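Below is start-v6.csv, which holds CSV, C-alpha atoms.
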```
chain,number,residue,atom,x,y,z
S,1,MET,CA,101.3,118.9,73.0
S,2,ALA,CA,102.6,117.5,76.3
S,3,TYR,CA,100.7,118.9,79.3
S,4,ALA,CA,103.9,120.2,81.0
S,5,ASP,CA,104.5,122.4,77.9
S,6,HIS,CA,101.6,124.6,79.1
S,7,PHE,CA,103.6,125.6,82.2
S,8,LYS,CA,106.0,127.5,80.0
S,9,LEU,CA,103.4,130.3,79.6
S,10,ALA,CA,103.3,131.1,83.3
S,11,ASP,CA,107.0,130.3,83.9
S,12,ASP,CA,108.0,132.9,81.2
S,13,LEU,CA,105.7,135.5,82.8
S,14,ILE,CA,107.1,134.8,86.2
S,15,ALA,CA,110.7,135.0,84.9
S,16,HIS,CA,109.9,138.4,83.4
S,17,LEU,CA,108.1,139.8,86.4
S,18,THR,CA,110.3,138.6,89.2
S,19,PRO,CA,113.3,141.0,88.6
S,20,ALA,CA,110.8,143.9,88.2
S,21,VAL,CA,109.0,143.0,91.4
S,22,ALA,CA,112.3,142.6,93.3
S,23,GLY,CA,113.1,146.2,92.4
S,24,ILE,CA,109.9,147.6,93.9
S,25,ALA,CA,110.6,149.0,97.4
S,26,ASP,CA,106.9,149.3,98.4
S,27,PRO,CA,105.6,145.9,99.5
S,28,PHE,CA,102.0,147.1,98.8
S,29,ILE,CA,102.8,147.8,95.2
S,30,ALA,CA,104.8,144.5,94.8
S,31,SER,CA,101.8,142.5,96.2
S,32,ARG,CA,99.7,143.7,93.3
S,33,TYR,CA,101.5,141.4,91.0
S,34,SER,CA,100.4,138.3,92.9
S,35,GLY,CA,97.0,138.5,91.1
S,36,PHE,CA,98.7,138.3,87.7
S,37,VAL,CA,100.7,135.3,88.8
S,38,ALA,CA,97.5,133.6,90.1
S,39,VAL,CA,95.7,134.2,86.8
S,40,ALA,CA,98.6,132.9,84.7
S,41,ALA,CA,99.0,129.9,87.1
S,42,VAL,CA,95.4,128.8,86.9
S,43,THR,CA,95.2,129.3,83.2
S,44,VAL,CA,98.1,126.9,82.6
S,45,TYR,CA,96.7,124.4,85.2
S,46,GLU,CA,93.4,124.4,83.3
S,47,LEU,CA,95.2,123.7,80.0
S,48,ALA,CA,97.3,121.0,81.6
S,49,VAL,CA,94.3,119.3,83.2
S,50,LYS,CA,92.4,119.4,79.9
S,51,GLU,CA,95.4,118.0,78.1
S,52,ILE,CA,95.9,115.1,80.6
S,53,LEU,CA,92.3,114.1,80.7
S,54,CYS,CA,91.7,114.4,76.9
S,55,THR,CA,94.9,112.5,76.1
S,56,PHE,CA,93.8,109.8,78.5
S,57,GLY,CA,90.3,109.6,76.9
S,58,GLU,CA,91.8,109.4,73.4
S,59,SER,CA,94.2,106.6,74.5
S,60,LYS,CA,91.2,104.5,75.7
S,61,HIS,CA,89.0,104.9,72.7
S,62,ALA,CA,88.4,107.4,69.8
S,63,VAL,CA,84.8,108.0,70.9
S,64,LEU,CA,85.8,108.6,74.5
S,65,GLY,CA,88.5,111.0,73.2
S,66,ASN,CA,86.0,112.9,71.3
S,67,PHE,CA,83.7,113.1,74.3
S,68,THR,CA,86.4,114.3,76.6
S,69,ARG,CA,87.5,117.0,74.2
S,70,LYS,CA,84.0,118.4,74.1
S,71,TYR,CA,83.3,117.9,77.9
S,72,PHE,CA,86.5,119.5,79.1
S,73,ASP,CA,86.4,122.3,76.6
S,74,ARG,CA,84.9,124.7,79.2
S,75,ILE,CA,86.1,123.8,82.7
S,76,ASN,CA,86.7,127.5,83.3
S,77,GLY,CA,88.6,127.5,86.6
S,78,ARG,CA,86.7,124.5,88.0
S,79,ILE,CA,89.9,122.6,88.8
S,80,LYS,CA,90.2,122.6,92.6
S,81,TYR,CA,91.5,119.4,94.0
S,82,ARG,CA,88.1,118.2,95.2
S,83,VAL,CA,86.6,118.8,91.7
S,84,LEU,CA,89.5,116.9,90.1
S,85,HIS,CA,89.1,113.7,92.1
S,86,GLU,CA,85.3,113.8,92.9
S,87,GLU,CA,84.1,114.8,89.4
S,88,TYR,CA,86.7,114.6,86.7
S,89,VAL,CA,88.8,111.6,87.6
S,90,LEU,CA,85.8,109.8,89.0
S,91,SER,CA,84.2,110.0,85.5
S,92,PHE,CA,86.8,107.5,84.4
S,93,GLY,CA,86.2,105.1,87.2
S,94,ASP,CA,87.0,104.5,90.9
S,95,LYS,CA,90.3,102.8,90.0
S,96,TYR,CA,91.7,106.1,88.8
S,97,VAL,CA,90.3,108.0,91.8
S,98,GLN,CA,92.1,105.6,94.2
S,99,ARG,CA,95.3,105.8,92.2
S,100,PHE,CA,95.2,109.6,92.1
S,101,LYS,CA,94.5,109.9,95.8
S,102,LYS,CA,97.3,107.5,96.6
S,103,ILE,CA,99.8,109.3,94.4
S,104,VAL,CA,98.8,112.7,95.8
S,105,THR,CA,98.9,111.5,99.4
S,106,LYS,CA,102.4,110.1,98.9
S,107,ARG,CA,103.7,113.3,97.2
S,108,GLU,CA,102.1,115.5,99.8
S,109,LYS,CA,103.9,113.6,102.6
S,110,GLU,CA,107.2,113.8,100.7
S,111,ILE,CA,107.0,117.6,100.1
S,112,LEU,CA,105.8,118.3,103.7
S,113,ILE,CA,108.8,116.5,105.0
S,114,ALA,CA,111.3,118.0,102.5
S,115,LYS,CA,110.0,121.5,102.2
S,116,ARG,CA,107.5,121.9,105.0
S,117,LYS,CA,104.8,123.0,102.4
S,118,SER,CA,101.5,121.5,101.4
S,119,ILE,CA,101.0,120.9,97.7
S,120,LEU,CA,97.2,120.6,98.2
S,121,THR,CA,96.9,123.8,100.2
S,122,SER,CA,99.2,125.7,97.7
S,123,TYR,CA,97.2,124.4,94.7
S,124,ASP,CA,93.8,125.3,96.1
S,125,ASN,CA,95.2,128.7,97.4
S,126,ILE,CA,96.4,129.8,94.0
S,127,ILE,CA,93.0,129.0,92.5
S,128,THR,CA,91.2,130.9,95.3
S,129,TRP,CA,93.5,133.9,94.7
S,130,ARG,CA,92.9,133.8,91.0
S,131,ASN,CA,89.2,133.8,91.5
S,132,LEU,CA,89.4,136.8,93.9
S,133,PHE,CA,91.5,138.7,91.4
S,134,ALA,CA,89.7,137.7,88.2
S,135,HIS,CA,86.1,137.8,89.4
S,136,GLU,CA,86.0,140.3,92.2
S,137,GLY,CA,89.0,142.5,91.3
S,138,GLN,CA,90.5,141.9,94.7
S,139,ILE,CA,94.2,141.5,95.2
S,140,PRO,CA,95.0,138.5,97.4
S,141,THR,CA,95.6,140.3,100.7
S,142,ASN,CA,97.2,137.2,102.4
S,143,ALA,CA,99.7,136.5,99.6
S,144,THR,CA,102.8,138.2,98.6
S,145,TYR,CA,104.2,138.0,95.1
S,146,ALA,CA,106.8,135.4,96.3
S,147,GLU,CA,104.1,133.3,98.0
S,148,ALA,CA,102.0,133.3,94.9
S,149,VAL,CA,105.0,132.1,92.8
S,150,ASP,CA,105.7,129.5,95.4
S,151,ALA,CA,102.1,128.3,95.5
S,152,TYR,CA,102.2,128.0,91.7
S,153,GLU,CA,105.3,125.9,91.8
S,154,MET,CA,104.0,123.7,94.6
S,155,GLY,CA,100.6,123.4,92.8
S,156,LYS,CA,102.3,122.0,89.7
S,157,GLU,CA,102.9,118.8,91.8
S,158,VAL,CA,99.1,118.2,91.9
S,159,ILE,CA,99.1,118.3,88.1
S,160,GLU,CA,102.0,115.9,88.0
S,161,CYS,CA,100.2,113.5,90.3
S,162,LEU,CA,97.1,113.7,88.0
S,163,ALA,CA,99.3,112.9,85.0
S,164,SER,CA,100.9,110.0,86.8
S,165,SER,CA,97.5,108.5,87.7
S,166,MET,CA,95.8,108.9,84.3
S,167,LYS,CA,97.7,106.1,82.5
S,168,ARG,CA,96.4,103.0,80.9
```

Go ahead and render the structure in this file as structure tokens.
Amino acid sequence: MAYADHFKLADDLIAHLTPAVAGIADPFIASRYSGFVAVAAVTVYELAVKEILCTFGESKHAVLGNFTRKYFDRINGRIKYRVLHEEYVLSFGDKYVQRFKKIVTKREKEILIAKRKSILTSYDNIITWRNLFAHEGQIPTNATYAEAVDAYEMGKEVIECLASSMKR
């Protein structure tokens, strides 16, 4: 399965929820849905990260592919940007860390100029909101439904950068 295919799960949920949330007049009630978006977003991010890294490992060597499948089987939400580059990508060598950072930095600048939004902040925010919702039962108080959806969309760019950098 291609890593981007995992996004369809969250995309379909968002497509279903958005018209319903738009019809809710009370912003307090509408904000409650941001937690569901965050959980769906991080779930598909995890699946995509696993797919990218495992596919890369398999492309290098069968033994490395087997190891990566086992190692990344339980990353359980540990996919913040810092963890991606300082732990996961670093495991494959500094060459890939440098490539990942270079691609992310370039894309971050492009999106900041074009949309005035940070892909890195968006990516880490959606993970933080998911953790608050899933582990503490708290609704992200500083994020509306629309902001959660936007953070998910912006965060996909980080996953795209990871995929671009993990090539032989």

- [ ] Can you work out which one of S:His135, S:Lys101, S:Lys106, S:Lys156 has the shortest atom-to-atom distance to Glu46 of chain S, counting only C-alpha atoms?
- [x]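 Among the listed residues, the smallest separation from Glu46 of chain S belongs to S:Lys156.
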
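By only C-alpha atoms, and with residues fewer than 4 positions from Ile159 of chain S along its chain excluded, the set lying at most 10 Å from it is Tyr3, Ala4, Tyr45, Glu46, Ala48, Val49, Ile52, Tyr81, Leu84, Val104, Tyr123, Met154, Gly155, Ala163, Ser164 and Ser165 of chain S.
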
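Using only C-alpha atoms, the nearest neighbour of Ala10 of chain S within the list S:Arg78, S:Ala38, S:His85, S:Pro140 is S:Ala38.
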
Task: Lys70 of chain S environment, 12 Å, all atoms listed in the file, sequence neighbours closer than 3 positions dropped, as a count of residues only - done: 13

- [ ] Please provide the set of residues having any atom within 8 Å of Ile119 of chain S, restricted to only C-alpha atoms, with same-chain residues fewer than 2 positions apart removed, written as a VMD selection string.
- [x] chain S and resid 108 111 117 121 to 123 151 154 to 155 157 to 158

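The coordinates place atom CA of Asn131 of chain S at 29.4 Å from atom CA of Asp94 of chain S.
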
TODO: One decimal, Å: what's the distance from atom CA of Phe36 of chain S over to atom CA of Lys80 of chain S, could you say?
DONE: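 Between atom CA of Phe36 of chain S and atom CA of Lys80 of chain S the gap is 18.5 Å.
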
- [ ] Could you check how far atom CA of Val97 of chain S sits from atom CA of Glu160 of chain S, in Å to one decimal?
- [x]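 Separation of atom CA of Val97 of chain S and atom CA of Glu160 of chain S: 14.6 Å.
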
Open item on the list: Just checking: using all atoms listed in the file, which residue out of S:Ala41, S:Ala148, S:Ala134, S:Ala143 ends up closest to Thr18 of chain S?
Closed with: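 Nearest candidate to Thr18 of chain S out of S:Ala41, S:Ala148, S:Ala134, S:Ala143: S:Ala148.
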